[in-house]
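Engineer: If it helps, the file is called data12.txt and holds compact mmCIF, C-alpha atoms and all ligand atoms:
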```
# COMPACT_ATOMS: atom_id res chain seq x y z
CA MET A 242 14.43 3.24 8.63
CA LYS A 243 10.65 2.84 8.58
CA ILE A 244 8.89 -0.04 6.83
CA ILE A 245 5.43 0.59 5.37
CA SER A 246 3.59 -2.45 4.04
CA PHE A 247 0.64 -2.30 1.67
CA SER A 248 -1.09 -5.53 2.43
CA HIS A 249 -4.35 -7.43 1.95
CA GLN A 250 -4.75 -11.04 0.89
CA LYS A 251 -7.32 -9.83 -1.64
CA GLY A 252 -6.18 -8.69 -5.11
CA GLY A 253 -7.38 -5.63 -7.00
CA VAL A 254 -7.99 -3.43 -3.94
CA GLY A 255 -5.27 -0.85 -4.71
CA LYS A 256 -2.17 -2.06 -2.85
CA SER A 257 0.21 -1.43 -5.76
CA THR A 258 -1.48 1.86 -6.71
CA LEU A 259 -1.20 3.25 -3.17
CA CYS A 260 2.28 1.77 -2.69
CA PHE A 261 3.91 3.49 -5.64
CA ASN A 262 2.04 6.77 -5.21
CA VAL A 263 2.94 6.94 -1.52
CA ALA A 264 6.55 5.96 -2.41
CA ALA A 265 6.60 8.71 -5.06
CA MET A 266 5.48 11.27 -2.47
CA LEU A 267 7.96 10.09 0.18
CA SER A 268 10.85 9.91 -2.30
CA SER A 269 10.45 13.61 -3.10
CA LYS A 270 11.97 14.38 0.31
CA SER A 271 13.43 11.15 1.71
CA ARG A 272 15.46 8.18 0.53
CA THR A 273 12.77 5.66 -0.31
CA ARG A 274 12.76 2.17 -1.85
CA ILE A 275 9.91 -0.07 -2.99
CA ILE A 276 10.16 -3.81 -2.32
CA ASP A 277 7.98 -5.91 -4.61
CA LEU A 278 6.69 -9.15 -3.03
CA ASP A 279 4.02 -9.90 -5.60
CA VAL A 280 4.47 -12.78 -8.05
CA GLN A 281 2.58 -10.58 -10.53
CA GLU A 282 5.47 -8.09 -10.24
CA THR A 283 3.26 -5.01 -10.74
CA ALA A 284 5.78 -2.68 -9.11
CA THR A 285 8.74 -4.23 -10.93
CA ASN A 286 6.98 -3.93 -14.28
CA LEU A 287 6.27 -0.30 -13.52
CA ASN A 288 9.93 0.48 -14.14
CA PHE A 289 9.77 -1.06 -17.64
CA LEU A 290 6.85 1.26 -18.38
CA ARG A 291 8.79 4.19 -16.93
CA GLU A 292 11.82 3.43 -19.05
CA TYR A 293 9.61 3.16 -22.16
CA ASN A 294 8.06 6.55 -21.33
CA ASN A 295 11.38 8.25 -20.53
CA LEU A 296 10.70 8.56 -16.81
CA LYS A 297 13.44 8.11 -14.22
CA PRO A 298 13.14 4.61 -12.69
CA PHE A 299 11.92 4.19 -9.13
CA ASP A 300 14.20 2.43 -6.65
CA ILE A 301 12.49 -1.00 -6.73
CA GLN A 302 13.82 -4.38 -5.59
CA LYS A 303 12.18 -7.76 -5.67
CA ALA A 304 12.05 -10.52 -3.04
CA ASN A 305 10.48 -13.97 -3.37
CA THR A 306 11.51 -15.60 -0.10
CA ASN A 307 11.76 -14.67 3.59
CA GLU A 308 15.56 -14.81 3.36
CA GLN A 309 15.65 -12.44 0.38
CA LEU A 310 13.27 -10.04 2.12
CA LEU A 311 15.30 -10.00 5.35
CA GLU A 312 18.47 -9.42 3.35
CA LEU A 313 16.86 -6.48 1.52
CA PHE A 314 15.77 -4.96 4.85
CA GLN A 315 19.32 -5.35 6.17
CA CYS A 316 20.84 -3.74 3.05
CA ALA A 317 18.36 -0.85 3.24
CA GLU A 318 19.30 -0.28 6.88
CA GLN A 319 23.02 -0.24 5.97
CA GLU A 320 22.35 2.15 3.09
CA LYS A 321 20.52 4.42 5.57
CA LEU A 322 17.33 4.52 3.55
CA GLU A 323 14.51 6.34 5.32
CA TYR A 324 11.43 4.56 3.98
CA ILE A 325 10.78 1.12 2.56
CA CYS A 326 7.38 0.67 0.90
CA VAL A 327 6.52 -3.02 0.55
CA ASP A 328 4.01 -3.98 -2.12
CA CYS A 329 2.65 -7.30 -0.83
CA GLY A 330 1.00 -9.87 -3.06
CA GLY A 331 -2.76 -10.29 -3.04
CA PHE A 332 -2.58 -13.69 -1.36
CA ASP A 333 -1.61 -15.17 1.97
CA ALA A 334 2.05 -16.27 1.98
CA ASP A 335 4.90 -16.53 4.47
CA VAL A 336 6.87 -13.71 2.87
CA ASN A 337 3.88 -11.33 3.15
CA ARG A 338 3.46 -12.32 6.80
CA VAL A 339 7.12 -11.59 7.55
CA ALA A 340 6.79 -8.15 5.92
CA ILE A 341 3.68 -7.41 7.98
CA SER A 342 5.27 -8.53 11.23
CA LEU A 343 8.31 -6.26 10.67
CA SER A 344 6.38 -3.19 9.48
CA ASP A 345 6.16 0.10 11.32
CA VAL A 346 2.95 0.91 9.46
CA ILE A 347 0.57 -1.47 7.67
CA ILE A 348 -1.85 -0.02 5.13
CA THR A 349 -4.79 -2.07 3.87
CA PRO A 350 -6.80 -0.60 1.01
CA VAL A 351 -10.47 -1.59 1.04
CA SER A 352 -13.24 -0.57 -1.35
CA THR A 353 -17.00 -0.53 -0.80
CA LYS A 354 -17.72 -3.28 -3.30
CA PRO A 355 -20.00 -6.10 -2.13
CA PHE A 356 -18.14 -8.94 -0.34
CA GLU A 357 -15.33 -6.57 0.66
CA ILE A 358 -16.35 -7.15 4.24
CA PHE A 359 -15.60 -10.91 3.93
CA GLY A 360 -12.15 -10.16 2.54
CA LEU A 361 -11.37 -7.80 5.41
CA ASN A 362 -12.65 -10.31 7.98
CA LYS A 363 -10.33 -12.94 6.51
CA PHE A 364 -7.41 -10.48 6.66
CA ILE A 365 -8.15 -9.81 10.34
CA THR A 366 -7.87 -13.56 11.01
CA ILE A 367 -4.47 -13.57 9.24
CA LEU A 368 -3.32 -10.59 11.36
CA GLU A 369 -4.37 -12.45 14.52
CA GLU A 370 -2.24 -15.43 13.48
CA ILE A 371 0.76 -13.20 12.67
CA GLU A 372 0.36 -11.47 16.05
CA GLU A 373 0.44 -14.82 17.83
CA ASP A 374 3.63 -15.90 16.01
CA ALA A 375 5.36 -12.51 16.35
CA HIS A 376 4.40 -12.01 20.02
CA LYS A 377 3.65 -8.36 19.41
CA PRO A 378 0.53 -6.34 18.62
CA ILE A 379 -0.24 -6.05 14.91
CA CYS A 380 -2.78 -3.47 13.76
CA THR A 381 -3.44 -2.34 10.21
CA ASN A 382 -4.70 1.00 8.92
CA VAL A 383 -7.70 0.49 6.67
CA VAL A 384 -7.75 3.04 3.86
CA MET A 385 -10.97 3.30 1.88
CA ASN A 386 -9.80 3.30 -1.72
CA ASN A 387 -11.40 3.63 -5.13
CA ILE A 388 -14.51 5.15 -3.56
CA HIS A 389 -17.21 6.57 -5.81
CA PRO A 390 -17.25 10.41 -5.59
CA SER A 391 -20.85 10.53 -4.41
CA LEU A 392 -20.56 7.77 -1.81
CA LYS A 393 -20.58 9.00 1.77
CA ASP A 394 -21.83 6.01 3.74
CA ILE A 395 -19.12 3.57 4.73
CA GLN A 396 -20.97 2.37 7.83
CA VAL A 397 -20.36 -1.36 7.30
CA ILE A 398 -16.59 -0.94 7.23
CA GLN A 399 -16.73 1.59 10.10
CA ASP A 400 -18.67 -0.95 12.20
CA LEU A 401 -16.24 -3.77 11.42
CA CYS A 402 -13.22 -1.61 12.33
CA ALA A 403 -14.94 -0.49 15.53
CA SER A 404 -15.56 -4.11 16.49
CA LYS A 405 -11.83 -5.01 16.21
CA PRO A 406 -10.04 -1.82 17.34
CA ASN A 407 -6.78 -3.64 18.11
CA LYS A 408 -6.53 -5.15 14.65
CA VAL A 409 -7.99 -2.59 12.22
CA LYS A 410 -8.00 1.18 12.47
CA LEU A 411 -9.99 3.11 9.88
CA ALA A 412 -7.95 6.00 8.46
CA GLN A 413 -9.66 9.37 8.26
CA SER A 414 -8.22 10.05 4.82
CA MET A 415 -9.76 8.18 1.93
CA ILE A 416 -8.96 7.82 -1.74
CA ARG A 417 -11.73 8.39 -4.27
CA SER A 418 -12.10 6.61 -7.56
CA ARG A 419 -10.09 8.82 -9.90
CA ALA A 420 -9.20 8.47 -13.56
CA SER A 421 -5.80 10.04 -12.83
CA PHE A 422 -4.70 6.94 -10.85
CA VAL A 423 -5.50 4.73 -13.84
CA ALA A 424 -4.11 7.08 -16.52
CA SER A 425 -0.85 7.74 -14.67
CA SER A 426 -0.19 4.07 -13.90
CA ALA A 427 -0.73 3.20 -17.58
CA VAL A 428 2.56 4.98 -18.36
CA GLY A 429 4.28 3.94 -15.12
CA ALA A 430 3.87 7.39 -13.57
CA SER A 431 2.62 8.47 -10.18
CA VAL A 432 -0.05 11.17 -9.85
CA PHE A 433 2.77 13.57 -8.91
CA GLU A 434 4.26 13.37 -12.40
CA LYS A 435 3.03 14.58 -15.76
CA ASN A 436 -0.35 16.28 -15.93
CA PHE A 437 -2.89 13.56 -15.32
CA ASP A 438 -4.12 14.99 -12.08
CA LEU A 439 -5.71 18.33 -11.27
CA GLY A 440 -4.48 18.07 -7.72
CA GLN A 441 -7.15 16.03 -5.98
CA ALA A 442 -5.44 12.64 -6.21
CA ARG A 443 -2.18 14.24 -5.05
CA LYS A 444 -3.96 15.82 -2.11
CA GLU A 445 -5.41 12.45 -1.10
CA ILE A 446 -2.03 10.71 -1.27
CA ILE A 447 -0.39 13.52 0.72
CA SER A 448 -3.17 13.25 3.29
CA ILE A 449 -2.55 9.48 3.70
CA CYS A 450 1.21 10.13 4.05
CA GLU A 451 0.67 12.82 6.66
CA GLU A 452 -1.92 10.93 8.69
CA LEU A 453 -0.28 7.50 8.71
CA ILE A 454 3.43 8.11 8.14
CA LEU A 455 4.84 11.62 8.45
CA TYR A 456 2.97 12.78 11.57
CA ASN A 457 2.50 9.31 13.01
CA LEU A 458 5.95 7.66 13.12
N1 LIG A 501 -8.35 5.16 -6.28
C1 LIG A 501 -8.43 4.56 -7.48
N2 LIG A 501 -9.11 5.13 -8.50
C2 LIG A 501 -9.21 4.52 -9.70
N3 LIG A 501 -8.68 3.31 -9.99
C3 LIG A 501 -8.00 2.68 -9.01
C4 LIG A 501 -7.82 3.26 -7.72
N4 LIG A 501 -7.07 2.39 -6.97
C5 LIG A 501 -6.80 1.34 -7.77
N5 LIG A 501 -7.35 1.50 -8.99
C6 LIG A 501 -7.29 0.55 -10.12
O1 LIG A 501 -7.72 -0.73 -9.66
C7 LIG A 501 -6.95 -1.75 -10.24
C8 LIG A 501 -6.32 -2.59 -9.14
O2 LIG A 501 -5.37 -1.80 -8.43
P1 LIG A 501 -4.00 -2.41 -7.89
O3 LIG A 501 -3.29 -1.29 -7.23
O4 LIG A 501 -3.28 -3.16 -8.98
O5 LIG A 501 -4.55 -3.46 -6.80
P2 LIG A 501 -3.76 -4.61 -5.99
O6 LIG A 501 -2.32 -4.24 -5.97
O7 LIG A 501 -4.40 -4.62 -4.65
O8 LIG A 501 -4.03 -5.90 -6.73
C9 LIG A 501 -5.92 -1.09 -11.14
O9 LIG A 501 -6.42 -1.11 -12.46
C10 LIG A 501 -5.87 0.36 -10.62
O10 LIG A 501 -5.53 1.29 -11.64
MG MG A 502 -0.64 -5.33 -6.59
```
Mind turning this structure into structure tokens?
Structural biologist:
Amino acid sequence: MKIISFSHQKGGVGKSTLCFNVAAMLSSKSRTRIIDLDVQETATNLNFLREYNNLKPFDIQKANTNEQLLELFQCAEQEKLEYICVDCGGFDADVNRVAISLSDVIITPVSTKPFEIFGLNKFITILEEIEEDAHKPICTNVVMNNIHPSLKDIQVIQDLCASKPNKVKLAQSMIRSRASFVASSAVGASVFEKNFDLGQARKEIISICEELILYNL
């Protein structure tokens, strides 16, 4: 069983969007479950939207405490699930730290909005603290998300990742700003369902899965 956490202490960067689209892609071939750690319950609410729109529910479970999270991991292992996608809350909390420390892959969406660099710097500090407590190396994969189609220069983020190579690795794949992510999530769907996407968003999600999960684990 592989645990993939979508984590950043900053909200609104795309953790939930990437989490359920990556989970949708993985679940097409492998037994996959989403664990929702966010008090805002974005992932959990997704299933209400899916039900309302006659879509088959995703396998989603919710944990609020470290004990509940560890129990869910244990159950998933017993059930022989292949992938667990953890949608972490956009804040720093013990339960998010436990998920990060037990993850096989950590994915941190980052945009190019001003001040993003401060948020990522703060997250690096959190990762350093988790690493110290867990006594093992912790490195996240930064995925540029919600990037304007014409934007090519991501030098500031590239420089920051290069300055902390053991903590943050910049993924080659990036996710552009696409209406299909917004339109699909409005009905609880992924970009792999219905006809919101002409193929580009799907391609980007597949590329993230291949680079960070399927060919990497
Ligand atoms: N690549 C993208 N293109 C367009 N909109 C996006 C993209 N990624 C996220 N969004 C939008 O940004 C908002 C925040 O995303 P969300 O996944 O909820 O962030 P988080 O879970 O980090 O708080 C949502 O309205 C979502 O639809
Ligand atoms: Mg979220």
Engineer: Counting all atoms listed in the file, which residues have an atom no more than 7 Å from (-12.2, -1.9, -2.8) in the file's coordinates? Please list them as a list in words.
Structural biologist: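 Selection result: Val254, Pro350, Val351, Ser352, Thr353, Lys354, Glu357, Asn386 and Asn387 of chain A.
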Engineer: Using C-alpha atoms, can you write the selected residues to a file as an mmCIF file, in the frame of the given file?
Structural biologist:
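The result, written out as again38.cif:
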```
data_model
loop_
_atom_site.group_PDB
_atom_site.id
_atom_site.type_symbol
_atom_site.label_atom_id
_atom_site.label_comp_id
_atom_site.auth_asym_id
_atom_site.auth_seq_id
_atom_site.Cartn_x
_atom_site.Cartn_y
_atom_site.Cartn_z
ATOM 1 C CA VAL A 254 -7.990 -3.430 -3.940
ATOM 2 C CA PRO A 350 -6.800 -0.600 1.010
ATOM 3 C CA VAL A 351 -10.470 -1.590 1.040
ATOM 4 C CA SER A 352 -13.240 -0.570 -1.350
ATOM 5 C CA THR A 353 -17.000 -0.530 -0.800
ATOM 6 C CA LYS A 354 -17.720 -3.280 -3.300
ATOM 7 C CA GLU A 357 -15.330 -6.570 0.660
ATOM 8 C CA ASN A 386 -9.800 3.300 -1.720
ATOM 9 C CA ASN A 387 -11.400 3.630 -5.130
#
```
Engineer: How far is it from atom CA of Leu296 of chain A to atom N2 of ligand LIG 501 (chain A), in Å with one decimal?
Structural biologist: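 Taking atom CA of Leu296 of chain A and atom N2 of ligand LIG 501 (chain A), their separation equals 21.8 Å.
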Engineer: Adding 8 Å on each side of the box along x, y and z that holds all listed atoms of ligand LIG 501 (chain A), could you give its centre and edge lengths in Å to one decimal, as lines of an AutoDock Vina configuration file?
Structural biologist:
```
center_x = -5.8
center_y = -0.4
center_z = -8.6
size_x = 22.9
size_y = 27.1
size_z = 23.8
```
Engineer: Please, what distance in Å, to one decimal, runs between atom CA of Glu308 of chain A and atom CA of Cys450 of chain A?
Structural biologist: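 Atom CA of Glu308 of chain A sits 28.8 Å away from atom CA of Cys450 of chain A.
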Engineer: Quick one: residues within 10 Å of Asn436 of chain A, only C-alpha atoms, excluding same-chain residues fewer than 2 positions away - as a ChimeraX atom specification?
Structural biologist: /A:421,424-425,432-434,438-440
Engineer: If the limit is 7 Å from any atom of ligand MG 502 (chain A), counting only C-alpha atoms and all ligand atoms, which residues qualify? Return them as a ChimeraX atom specification.
Structural biologist: /A:252-253,255-257,279,283,328-331
Engineer: Pick out the residues sitting within 12 Å of Leu311 of chain A, and hand them over as a list in words; count all atoms listed in the file, and ignore anything fewer than 3 positions along from it in its own chain.
Structural biologist: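 Neighbouring residues, sequence-local ones excluded: Ile244, Ile276, Lys303, Ala304, Asn305, Thr306, Asn307, Glu308, Phe314, Gln315, Cys316, Ala317, Glu318, Val336, Asn337, Val339, Ala340, Ser342, Leu343 and Ser344 of chain A.
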Engineer: Take atom C3 of ligand LIG 501 (chain A) and atom CA of Glu445 of chain A and report the distance between them in Å, one decimal.
Structural biologist: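 A separation of 12.8 Å between them.
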Engineer: Counting only C-alpha atoms and all ligand atoms, which residue out of A:Ile379, A:Leu287, A:Ile341, A:Leu411 sits closest to ligand LIG 501 (chain A)?
Structural biologist: A:Leu287
Engineer: May I have the protein, DNA and RNA residues with any atom at most 10 Å from the point (-9.5, -4.6, 14.8), counting all atoms listed in the file, written as an MDAnalysis selection string?
Structural biologist: chainID A and resid 362 365:366 368:369 379:383 401:411
Engineer: Got a sec: who's within 8 Å of Thr285 of chain A, counting only C-alpha atoms, leaving out chain neighbours fewer than 6 positions off, as a list in words?
Structural biologist: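 Returned residues: Asp277, Ile301, Gln302 and Lys303 of chain A.
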Engineer: Between A:Asn262, A:Met242, A:Lys377, A:Leu453, which residue has the minimum interatomic distance to ligand LIG 501 (chain A), considering only C-alpha atoms and all ligand atoms?
Structural biologist: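 Ranked by minimum distance to ligand LIG 501 (chain A), first place goes to A:Asn262.
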Engineer: Applying 9 Å and only C-alpha atoms, which residues near Leu290 of chain A remain after dropping the ones on its own chain fewer than 6 positions away? List them as a list in words.
Structural biologist: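 The residues that qualify are Leu296, Ser426, Ala427, Val428, Gly429 and Ala430 of chain A.
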Engineer: Which residue, A:Thr258, A:Ser414, A:Gln281, A:Ser431, has the smallest gap to Lys297 of chain A when you use only C-alpha atoms?
Structural biologist: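 For Lys297 of chain A, the nearest of the given residues is A:Ser431.
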